[in-house]
Amino acid sequence: MTLQCHAWLKLRRYNDLVAEVERWNFLVHNDATAQSPEWLSWSLHILAGLVQQFSDDSDRASDILFAIRETIPVADAIWLATVDNALANMFLRQSKWRLALGSLDRILELMPSATKQYVAKYYSDINDNASAETCLEGAFRCELLSRQGRILLQIGALQEADSSYSAAAHAWGSISGNIPSSLDENKLVKMIPAQLALNDGLLDFAKSNFETAASSFARSSELIRRSCSLTPKYDVQDYMGPTVAGIA
């Protein structure tokens, strides 16, 4: 079901997508009293809520996602961050900038707990969990601050965007020289230098420093080529989603 929905999203067959999700009678988006199987992932609930933005009653999507957020246990930071990421992406699509920034702020607040759970889930076989947590938290924070910077640029808040990008660079600079070998192939970590160069380019472009911006964009492109990944792929459960390749 999930793969079919993602295919319709890619093909922009939104009517088919909405019709399929409306047939699901085991999710709370259709019936508040629905009894979902315990094995059913929160990702399917979140997907169903997110799909409603393409329906005739698009405002219902945020209500559903916030209701799902209230249902997720407080201790489950990864899924809380996942639904907040879905909300941020939806608000961006709707040009609701303040609400998108608020959703990203909530993910930032969840970052320490979510990172700890992420490492325990995906890197349980490494010896130095603390170093992995520190590095990944810095990478996640860098990505979130970069996304906030792009929103601020979108609304013309250059000074605030500059501050957000500076905070992103600081978050990465504090740990960039201490990346554990267990994260050598982590796609988000590998893409952060390219993300920072892109941030520089976007800010300079907004300030009409076109020559400097072009240099930063070229540097970002070269860093992406060096990482051997022009279109980064992410784990299905990666709550951060795509970064440089999917400007969100």
# chains A, B, ... in the order shown; residues from 1 in each chain; ligands from 1
call {"tool": "residues_around", "arguments": {"residues": "segment 54-58 of chain A", "least_positions_apart": "4", "cutoff": "12 Å", "atoms": "only C-alpha atoms", "output": "PyMOL selection string"}}
result
chain A and resi 8-9+12-22+47-50+62-65+90-91+93-94
call {"tool": "residues_around", "arguments": {"residues": "Asp204 of chain A", "least_positions_apart": "3", "cutoff": "12 Å", "atoms": "only C-alpha atoms", "output": "PyMOL selection string"}}
result
chain A and resi 153+158-159+161-162+165+197-201+207-217
call {"tool": "write_last_selection", "arguments": {"atoms": "C-alpha atoms", "output": "PDB file, in the first residue's frame"}}
result
ATOM      1  CA  LEU A 153      15.060  33.518   2.734  1.00  0.00           C
ATOM      2  CA  LEU A 158      17.868  37.839   5.331  1.00  0.00           C
ATOM      3  CA  GLN A 159      19.291  38.672   8.754  1.00  0.00           C
ATOM      4  CA  ALA A 161      18.410  33.454   7.609  1.00  0.00           C
ATOM      5  CA  ASP A 162      22.031  34.476   8.079  1.00  0.00           C
ATOM      6  CA  TYR A 165      22.900  29.411   8.543  1.00  0.00           C
ATOM      7  CA  ALA A 197      28.187  25.417   0.715  1.00  0.00           C
ATOM      8  CA  LEU A 198      24.646  25.576  -0.681  1.00  0.00           C
ATOM      9  CA  ASN A 199      23.608  27.713   2.288  1.00  0.00           C
ATOM     10  CA  ASP A 200      26.416  30.165   1.514  1.00  0.00           C
ATOM     11  CA  GLY A 201      25.349  30.328  -2.117  1.00  0.00           C
ATOM     12  CA  LYS A 207      22.157  39.586  -1.189  1.00  0.00           C
ATOM     13  CA  SER A 208      22.837  39.967  -4.948  1.00  0.00           C
ATOM     14  CA  ASN A 209      26.432  38.776  -4.526  1.00  0.00           C
ATOM     15  CA  PHE A 210      26.068  36.671  -7.654  1.00  0.00           C
ATOM     16  CA  GLU A 211      29.717  35.911  -8.326  1.00  0.00           C
ATOM     17  CA  THR A 212      30.305  34.673  -4.786  1.00  0.00           C
ATOM     18  CA  ALA A 213      27.044  32.732  -4.924  1.00  0.00           C
ATOM     19  CA  ALA A 214      28.076  31.010  -8.147  1.00  0.00           C
ATOM     20  CA  SER A 215      31.351  29.971  -6.540  1.00  0.00           C
ATOM     21  CA  SER A 216      29.514  28.481  -3.550  1.00  0.00           C
ATOM     22  CA  PHE A 217      27.074  26.610  -5.785  1.00  0.00           C
TER      23      PHE A 217
END
call {"tool": "residues_around", "arguments": {"residues": "segment 176-189 of chain A", "least_positions_apart": "4", "cutoff": "7 Å", "atoms": "only C-alpha atoms", "output": "short mmCIF file (atom, residue, chain, number, x, y, z; two decimals) with N, CA, C and O atoms, in the first residue's frame"}}
result
data_model
loop_
_atom_site.label_atom_id
_atom_site.label_comp_id
_atom_site.auth_asym_id
_atom_site.auth_seq_id
_atom_site.Cartn_x
_atom_site.Cartn_y
_atom_site.Cartn_z
N SER A 131 29.83 8.92 20.69
CA SER A 131 30.40 9.69 19.58
C SER A 131 29.44 9.73 18.40
O SER A 131 29.29 10.77 17.74
N ALA A 132 28.79 8.60 18.12
CA ALA A 132 27.82 8.56 17.02
C ALA A 132 26.65 9.49 17.30
O ALA A 132 26.17 10.20 16.41
N CYS A 135 27.77 13.18 16.83
CA CYS A 135 27.95 13.51 15.42
C CYS A 135 26.61 13.61 14.70
O CYS A 135 26.36 14.57 13.96
N ALA A 139 24.70 16.75 12.82
CA ALA A 139 24.29 16.69 11.42
C ALA A 139 22.79 16.99 11.28
O ALA A 139 22.38 17.75 10.39
N TRP A 172 27.84 22.06 12.87
CA TRP A 172 28.68 21.10 12.17
C TRP A 172 30.15 21.28 12.51
O TRP A 172 30.89 20.31 12.69
N PRO A 232 20.76 11.65 -3.29
CA PRO A 232 20.85 10.85 -2.06
C PRO A 232 19.59 10.05 -1.79
O PRO A 232 18.49 10.54 -1.99
#
call {"tool": "closest_residue", "arguments": {"among": "A:Val119, A:Ala169, A:Ala130, A:Leu92", "to": "Leu104 of chain A", "atoms": "only C-alpha atoms"}}
result
A:Leu92
call {"tool": "select_by_dssp", "arguments": {"residues": "segment 3-208 of chain A", "states": "alpha helix (DSSP H)", "output": "MDAnalysis selection string"}}
result
chainID A and resid 3:11 14:22 42:51 60:71 77:93 97:122 129:154 158:173 187:206
call {"tool": "closest_residue", "arguments": {"among": "A:Glu222, A:Asp84, A:Lys96, A:Ser124", "to": "Glu109 of chain A", "atoms": "only C-alpha atoms"}}
result
A:Asp84
call {"tool": "atom_distance", "arguments": {"atom1": "atom CA of Arg225 of chain A", "atom2": "atom CA of Leu202 of chain A"}}
result
19.1 Å
